[in-house]
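J.: The structure file model-v2.cif (mmCIF, C-alpha atoms) is provided below.
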data_my_file
#
loop_
_atom_site.group_PDB
_atom_site.id
_atom_site.type_symbol
_atom_site.label_atom_id
_atom_site.label_comp_id
_atom_site.auth_asym_id
_atom_site.auth_seq_id
_atom_site.Cartn_x
_atom_site.Cartn_y
_atom_site.Cartn_z
ATOM 1 C CA MET A 1406 28.165 23.410 6.030
ATOM 2 C CA GLU A 1407 30.381 26.268 7.330
ATOM 3 C CA ASP A 1408 27.328 28.233 8.388
ATOM 4 C CA GLY A 1409 25.822 25.217 10.148
ATOM 5 C CA PHE A 1410 23.031 24.791 7.593
ATOM 6 C CA SER A 1411 22.753 22.197 4.877
ATOM 7 C CA LEU A 1412 19.672 22.015 2.661
ATOM 8 C CA ILE A 1413 20.156 18.250 2.218
ATOM 9 C CA PHE A 1414 20.317 17.790 5.974
ATOM 10 C CA PHE A 1415 17.167 19.924 6.391
ATOM 11 C CA ILE A 1416 15.313 17.761 3.859
ATOM 12 C CA ARG A 1417 16.562 14.634 5.656
ATOM 13 C CA TRP A 1418 15.222 16.032 8.945
ATOM 14 C CA LEU A 1419 11.800 16.628 7.355
ATOM 15 C CA HIS A 1420 11.918 13.121 5.833
ATOM 16 C CA VAL A 1421 12.631 11.576 9.239
ATOM 17 C CA LEU A 1422 9.993 13.714 11.034
ATOM 18 C CA SER A 1423 7.345 12.689 8.492
ATOM 19 C CA GLY A 1424 8.473 9.061 8.625
ATOM 20 C CA VAL A 1425 8.298 8.911 12.415
ATOM 21 C CA MET A 1426 4.732 10.238 12.329
ATOM 22 C CA TRP A 1427 3.740 7.798 9.560
ATOM 23 C CA ILE A 1428 5.236 4.648 11.037
ATOM 24 C CA GLY A 1429 4.324 5.752 14.574
ATOM 25 C CA LEU A 1430 0.651 5.943 13.566
ATOM 26 C CA LEU A 1431 0.930 2.666 11.616
ATOM 27 C CA TRP A 1432 2.230 0.954 14.736
ATOM 28 C CA TYR A 1433 -0.454 2.702 16.861
ATOM 29 C CA PHE A 1434 -3.130 1.167 14.623
ATOM 30 C CA ASN A 1435 -1.553 -2.305 14.694
ATOM 31 C CA PHE A 1436 -0.149 -2.522 18.224
ATOM 32 C CA VAL A 1437 -2.840 -0.517 20.062
ATOM 33 C CA GLN A 1438 -6.082 0.293 18.253
ATOM 34 C CA ILE A 1439 -6.875 -2.920 16.324
ATOM 35 C CA PRO A 1440 -6.124 -5.295 19.264
ATOM 36 C CA SER A 1441 -8.088 -3.040 21.655
ATOM 37 C CA MET A 1442 -11.308 -2.759 19.633
ATOM 38 C CA PRO A 1443 -12.790 -6.127 20.750
ATOM 39 C CA LYS A 1444 -12.255 -5.093 24.399
ATOM 40 C CA ILE A 1445 -14.180 -1.815 24.028
ATOM 41 C CA PRO A 1446 -17.958 -1.902 24.824
ATOM 42 C CA ASP A 1447 -20.128 -1.321 21.727
ATOM 43 C CA GLU A 1448 -21.551 1.967 23.009
ATOM 44 C CA GLN A 1449 -18.003 3.354 23.375
ATOM 45 C CA LYS A 1450 -16.714 2.179 19.987
ATOM 46 C CA PRO A 1451 -17.856 5.364 18.142
ATOM 47 C CA ALA A 1452 -15.220 7.302 20.117
ATOM 48 C CA ILE A 1453 -12.649 5.363 18.123
ATOM 49 C CA SER A 1454 -14.454 4.935 14.798
ATOM 50 C CA LYS A 1455 -15.960 8.440 14.587
ATOM 51 C CA VAL A 1456 -13.342 10.594 16.309
ATOM 52 C CA ILE A 1457 -9.903 9.077 16.907
ATOM 53 C CA ALA A 1458 -9.487 6.873 13.822
ATOM 54 C CA PRO A 1459 -10.480 9.551 11.242
ATOM 55 C CA GLU A 1460 -8.092 12.044 12.870
ATOM 56 C CA ALA A 1461 -5.283 9.472 13.044
ATOM 57 C CA LEU A 1462 -5.912 8.491 9.410
ATOM 58 C CA PHE A 1463 -5.628 12.126 8.318
ATOM 59 C CA TRP A 1464 -2.122 12.478 9.773
ATOM 60 C CA PHE A 1465 -1.279 8.907 8.708
ATOM 61 C CA ARG A 1466 -1.903 9.352 4.998
ATOM 62 C CA TRP A 1467 -0.459 12.865 4.685
ATOM 63 C CA SER A 1468 2.677 11.966 6.651
ATOM 64 C CA ALA A 1469 3.065 8.939 4.347
ATOM 65 C CA LEU A 1470 2.942 11.252 1.336
ATOM 66 C CA SER A 1471 5.337 13.825 2.801
ATOM 67 C CA THR A 1472 7.780 11.048 3.777
ATOM 68 C CA VAL A 1473 7.864 9.916 0.136
ATOM 69 C CA VAL A 1474 8.128 13.466 -1.252
ATOM 70 C CA PHE A 1475 11.016 14.406 1.053
ATOM 71 C CA GLY A 1476 12.625 10.984 0.493
ATOM 72 C CA VAL A 1477 12.572 11.366 -3.290
ATOM 73 C CA LEU A 1478 13.955 14.917 -2.960
ATOM 74 C CA LEU A 1479 16.690 13.632 -0.661
ATOM 75 C CA ALA A 1480 17.675 10.786 -2.977
ATOM 76 C CA GLY A 1481 17.690 13.141 -5.964
ATOM 77 C CA MET A 1482 19.801 15.768 -4.189
ATOM 78 C CA ASN A 1483 22.244 13.082 -3.028
ATOM 79 C CA GLY A 1484 22.439 11.647 -6.550
ATOM 80 C CA TYR A 1485 21.281 8.097 -5.838
ATOM 81 C CA LEU A 1486 17.626 8.235 -6.878
ATOM 82 C CA VAL A 1487 18.076 6.212 -10.104
ATOM 83 C CA ASP A 1488 20.790 3.921 -8.667
ATOM 84 C CA GLY A 1489 18.530 3.197 -5.700
ATOM 85 C CA LEU A 1490 15.436 2.528 -7.811
ATOM 86 C CA LEU A 1491 17.581 0.109 -9.860
ATOM 87 C CA ILE A 1492 18.612 -1.480 -6.493
ATOM 88 C CA GLY A 1493 22.257 -1.036 -7.436
ATOM 89 C CA ILE A 1494 22.159 -3.530 -10.307
ATOM 90 C CA ASN A 1495 23.833 -0.901 -12.489
ATOM 91 C CA THR A 1496 26.477 0.168 -9.949
ATOM 92 C CA GLU A 1497 27.020 -3.050 -7.941
ATOM 93 C CA VAL A 1498 27.395 -0.812 -4.891
ATOM 94 C CA ALA A 1499 25.895 -2.415 -1.767
ATOM 95 C CA ARG A 1500 24.703 0.926 -0.395
ATOM 96 C CA ASP A 1501 22.638 1.554 -3.548
ATOM 97 C CA THR A 1502 21.096 -1.912 -3.200
ATOM 98 C CA MET A 1503 20.294 -1.337 0.459
ATOM 99 C CA ILE A 1504 18.760 2.130 0.029
ATOM 100 C CA GLY A 1505 16.977 0.822 -3.080
ATOM 101 C CA PHE A 1506 15.214 -1.893 -1.100
ATOM 102 C CA GLY A 1507 14.237 0.727 1.481
ATOM 103 C CA MET A 1508 12.932 3.065 -1.214
ATOM 104 C CA TRP A 1509 10.856 0.372 -2.941
ATOM 105 C CA LEU A 1510 9.428 -0.921 0.342
ATOM 106 C CA GLY A 1511 8.518 2.653 1.331
ATOM 107 C CA LEU A 1512 6.902 3.297 -2.056
ATOM 108 C CA ILE A 1513 4.871 0.063 -1.862
ATOM 109 C CA MET A 1514 3.761 0.976 1.662
ATOM 110 C CA ALA A 1515 2.751 4.521 0.644
ATOM 111 C CA PHE A 1516 0.817 3.076 -2.321
ATOM 112 C CA ASN A 1517 -1.014 0.745 0.089
ATOM 113 C CA VAL A 1518 -1.870 3.691 2.360
ATOM 114 C CA TRP A 1519 -3.374 5.865 -0.365
ATOM 115 C CA PHE A 1520 -4.889 3.323 -2.729
ATOM 116 C CA VAL A 1521 -5.935 0.427 -0.474
ATOM 117 C CA ILE A 1522 -6.063 1.329 3.226
ATOM 118 C CA TRP A 1523 -7.574 4.826 2.959
ATOM 119 C CA PRO A 1524 -10.365 3.979 0.439
ATOM 120 C CA ASN A 1525 -11.311 0.891 2.472
ATOM 121 C CA GLN A 1526 -11.153 2.743 5.795
ATOM 122 C CA GLN A 1527 -13.541 5.362 4.424
ATOM 123 C CA LYS A 1528 -16.064 2.561 3.850
ATOM 124 C CA ALA A 1529 -15.276 0.775 7.135
ATOM 125 C CA LEU A 1530 -15.669 3.944 9.236
ATOM 126 C CA GLY A 1531 -18.882 5.034 7.504
ATOM 127 C CA MET A 1532 -17.323 8.062 5.796
ATOM 128 C CA VAL A 1533 -18.573 6.551 2.524
ATOM 129 C CA ALA A 1534 -21.996 4.886 2.637
ATOM 130 C CA VAL A 1535 -21.933 1.197 1.658
ATOM 131 C CA GLU A 1536 -23.869 -1.992 2.429
ATOM 132 C CA ALA A 1537 -23.064 -3.837 5.676
ATOM 133 C CA ASP A 1538 -21.368 -6.709 3.809
ATOM 134 C CA GLU A 1539 -19.125 -4.382 1.876
ATOM 135 C CA LYS A 1540 -18.351 -2.450 5.061
ATOM 136 C CA ALA A 1541 -17.142 -5.608 6.807
ATOM 137 C CA LYS A 1542 -15.125 -6.657 3.774
ATOM 138 C CA ALA A 1543 -13.527 -3.192 3.546
ATOM 139 C CA ALA A 1544 -12.585 -3.275 7.240
ATOM 140 C CA ARG A 1545 -10.855 -6.643 6.775
ATOM 141 C CA THR A 1546 -9.012 -5.498 3.633
ATOM 142 C CA ALA A 1547 -7.831 -2.322 5.379
ATOM 143 C CA MET A 1548 -6.659 -4.344 8.398
ATOM 144 C CA LEU A 1549 -4.742 -6.886 6.303
ATOM 145 C CA PHE A 1550 -2.978 -4.205 4.248
ATOM 146 C CA SER A 1551 -2.186 -2.293 7.429
ATOM 147 C CA ARG A 1552 -0.636 -5.511 8.750
ATOM 148 C CA THR A 1553 1.238 -5.913 5.456
ATOM 149 C CA ASN A 1554 2.703 -2.450 5.942
ATOM 150 C CA THR A 1555 3.645 -3.292 9.541
ATOM 151 C CA MET A 1556 5.473 -6.371 8.261
ATOM 152 C CA LEU A 1557 7.244 -4.346 5.538
ATOM 153 C CA SER A 1558 8.144 -1.546 7.970
ATOM 154 C CA LEU A 1559 10.759 -3.792 9.614
ATOM 155 C CA PRO A 1560 12.934 -4.396 6.530
ATOM 156 C CA MET A 1561 12.176 -0.872 5.233
ATOM 157 C CA LEU A 1562 13.539 0.781 8.401
ATOM 158 C CA TYR A 1563 16.483 -1.636 8.501
ATOM 159 C CA ALA A 1564 17.369 -0.668 4.918
ATOM 160 C CA MET A 1565 17.020 3.072 5.591
ATOM 161 C CA VAL A 1566 19.202 3.002 8.713
ATOM 162 C CA ALA A 1567 21.715 0.488 7.319
ATOM 163 C CA ALA A 1568 22.241 2.436 4.078
ATOM 164 C CA GLN A 1569 23.029 5.526 6.149
ATOM 165 C CA ASN A 1570 25.251 3.866 8.745
ATOM 166 C CA LEU A 1571 26.756 0.560 7.575
ATOM 167 C CA PHE A 1572 28.398 1.610 4.310
ATOM 168 C CA MET B 1396 -7.389 -21.066 6.429
ATOM 169 C CA LYS B 1397 -6.521 -18.151 8.681
ATOM 170 C CA ASN B 1398 -4.427 -15.401 7.100
ATOM 171 C CA PRO B 1399 -1.070 -15.214 8.966
ATOM 172 C CA LEU B 1400 -1.315 -11.402 8.907
ATOM 173 C CA GLU B 1401 -4.265 -11.615 11.323
ATOM 174 C CA SER B 1402 -1.732 -12.426 14.044
ATOM 175 C CA LEU B 1403 0.488 -9.514 15.100
ATOM 176 C CA PRO B 1404 3.346 -11.751 16.401
ATOM 177 C CA THR B 1405 3.329 -13.723 13.122
ATOM 178 C CA THR B 1406 3.384 -10.428 11.206
ATOM 179 C CA ILE B 1407 6.495 -9.358 13.125
ATOM 180 C CA VAL B 1408 8.220 -12.719 12.600
ATOM 181 C CA MET B 1409 7.510 -12.503 8.849
ATOM 182 C CA GLY B 1410 8.915 -8.967 8.840
ATOM 183 C CA LEU B 1411 12.101 -10.223 10.490
ATOM 184 C CA VAL B 1412 12.401 -13.083 7.988
ATOM 185 C CA ILE B 1413 12.012 -10.636 5.071
ATOM 186 C CA THR B 1414 14.692 -8.444 6.682
ATOM 187 C CA VAL B 1415 17.151 -11.369 6.758
ATOM 188 C CA ILE B 1416 16.352 -12.278 3.118
ATOM 189 C CA MET B 1417 16.843 -8.633 2.128
ATOM 190 C CA VAL B 1418 20.270 -8.470 3.825
ATOM 191 C CA LEU B 1419 21.333 -11.652 1.994
ATOM 192 C CA LEU B 1420 20.122 -10.180 -1.312
ATOM 193 C CA VAL B 1421 22.066 -6.961 -0.669
ATOM 194 C CA GLN B 1422 25.215 -9.034 -0.151
ATOM 195 C CA ALA B 1423 24.512 -11.000 -3.331
ATOM 196 C CA ILE B 1424 23.653 -8.043 -5.580
ATOM 197 C CA GLY B 1425 25.691 -5.215 -4.156
ATOM 198 C CA SER B 1426 29.141 -6.690 -3.702
#
Produce structure tokens that represent the structure in this file.
T.:
Amino acid sequence: MEDGFSLIFFIRWLHVLSGVMWIGLLWYFNFVQIPSMPKIPDEQKPAISKVIAPEALFWFRWSALSTVVFGVLLAGMNGYLVDGLLIGINTEVARDTMIGFGMWLGLIMAFNVWFVIWPNQQKALGMVAVEADEKAKAARTAMLFSRTNTMLSLPMLYAMVAAQNLF
Amino acid sequence: MKNPLESLPTTIVMGLVITVIMVLLVQAIGS
């Protein structure tokens, strides 16, 4: 740290930058875009579904992945990756339990992004051709898992900030 | 029955409840 540079701190900065973009876009979808769609006239809806949403989803899913990659690197470099994944059951250290909950919630959320929300959004937005019924079903599944991630983002962020500041 | 996740305020309340449960679990497991 004498030279003012720490690799661990740099990785943490990248982790936070990626995380802000990920959760910022998640909250944009849930607090702004989804509630606004019914208020938008049908002829204007393609501006969202064909232009804005695909672009937002691009940054959304890749920032989710980079948040996880930098987070795992950070935990490994700090030496608490295994203790965190075991939620501190092995160490009985509260900080390991707290960061562990944050890590697992983040991993579940990233899994939802890549393996539930993104595949269903591709169908819902017409990027993958499907029948109308399946399109509607995919849109609902994507919305509910996006809401699930919004719900989980509250304890996840609490755990991340608390592990860093309360112990 | 309507899924509670369809409501944004309910989603936030459930997130807060999970947060409280998580804090209690941290106290139970980690100390």
J.: Using 10 Å as the limit and counting all atoms listed in the file, can you tabulate each residue of chain A that touches chain B, with its shortest atom-to-atom distance in Å and the two atoms involved, as a tab-separated table?
T.:
residue	atom	partner	partner_atom	distance
A:Asn1435	CA	B:Leu1403	CA	7.5
A:Phe1436	CA	B:Leu1403	CA	7.7
A:Ile1439	CA	B:Leu1403	CA	10.0
A:Pro1440	CA	B:Leu1403	CA	8.9
A:Ile1492	CA	B:Ile1424	CA	8.3
A:Gly1493	CA	B:Gly1425	CA	6.3
A:Ile1494	CA	B:Ile1424	CA	6.7
A:Asn1495	CA	B:Gly1425	CA	9.6
A:Thr1496	CA	B:Gly1425	CA	7.9
A:Glu1497	CA	B:Gly1425	CA	4.6
A:Val1498	CA	B:Gly1425	CA	4.8
A:Ala1499	CA	B:Gly1425	CA	3.7
A:Arg1500	CA	B:Gly1425	CA	7.3
A:Asp1501	CA	B:Gly1425	CA	7.5
A:Thr1502	CA	B:Val1421	CA	5.7
A:Met1503	CA	B:Val1421	CA	6.0
A:Ile1504	CA	B:Val1421	CA	9.7
A:Gly1505	CA	B:Val1421	CA	9.6
A:Phe1506	CA	B:Met1417	CA	7.6
A:Gly1507	CA	B:Met1417	CA	9.7
A:Arg1545	CA	B:Glu1401	CA	9.4
A:Met1548	CA	B:Glu1401	CA	8.2
A:Leu1549	CA	B:Leu1400	CA	6.2
A:Phe1550	CA	B:Leu1400	CA	8.7
A:Ser1551	CA	B:Leu1400	CA	9.3
A:Arg1552	CA	B:Leu1400	CA	5.9
A:Thr1553	CA	B:Leu1400	CA	7.0
A:Asn1554	CA	B:Gly1410	CA	9.5
A:Thr1555	CA	B:Thr1406	CA	7.3
A:Met1556	CA	B:Gly1410	CA	4.3
A:Leu1557	CA	B:Gly1410	CA	5.9
A:Ser1558	CA	B:Gly1410	CA	7.5
A:Leu1559	CA	B:Gly1410	CA	5.5
A:Pro1560	CA	B:Thr1414	CA	4.4
A:Met1561	CA	B:Thr1414	CA	8.1
A:Leu1562	CA	B:Thr1414	CA	9.5
A:Tyr1563	CA	B:Thr1414	CA	7.3
A:Ala1564	CA	B:Val1418	CA	8.4
A:Ala1567	CA	B:Val1418	CA	9.7
J.: Quick check, in Å to one decimal: how far apart do atom CA of A:Val1421 and atom CA of A:Gln1527 lie?
T.: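 Going from atom CA of A:Val1421 over to atom CA of A:Gln1527, I get 27.3 Å.
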J.: Residues near A:Lys1528, anyone? I mean within 8 Å using all atoms listed in the file, not counting same-chain ones fewer than 3 positions away, as an mmCIF file with C-alpha atoms, in the coordinates of the input.
T.:
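Below is the file that was written, out-v7.cif:
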data_model
loop_
_atom_site.group_PDB
_atom_site.id
_atom_site.type_symbol
_atom_site.label_atom_id
_atom_site.label_comp_id
_atom_site.auth_asym_id
_atom_site.auth_seq_id
_atom_site.Cartn_x
_atom_site.Cartn_y
_atom_site.Cartn_z
ATOM 1 C CA PRO A 1524 -10.365 3.979 0.439
ATOM 2 C CA ASN A 1525 -11.311 0.891 2.472
ATOM 3 C CA GLY A 1531 -18.882 5.034 7.504
ATOM 4 C CA MET A 1532 -17.323 8.062 5.796
ATOM 5 C CA VAL A 1533 -18.573 6.551 2.524
ATOM 6 C CA ALA A 1534 -21.996 4.886 2.637
ATOM 7 C CA VAL A 1535 -21.933 1.197 1.658
ATOM 8 C CA GLU A 1539 -19.125 -4.382 1.876
ATOM 9 C CA LYS A 1540 -18.351 -2.450 5.061
ATOM 10 C CA ALA A 1543 -13.527 -3.192 3.546
ATOM 11 C CA ALA A 1544 -12.585 -3.275 7.240
#
J.: Find the smallest box with edges along x, y and z containing every listed atom of stretch 1403-1420 of chain B, then add 5 Å on each side and report centre and edge lengths in Å to one decimal, as AutoDock Vina command-line options.
T.:
--center_x 10.9 --center_y -11.1 --center_z 7.5 --size_x 30.8 --size_y 15.3 --size_z 27.7
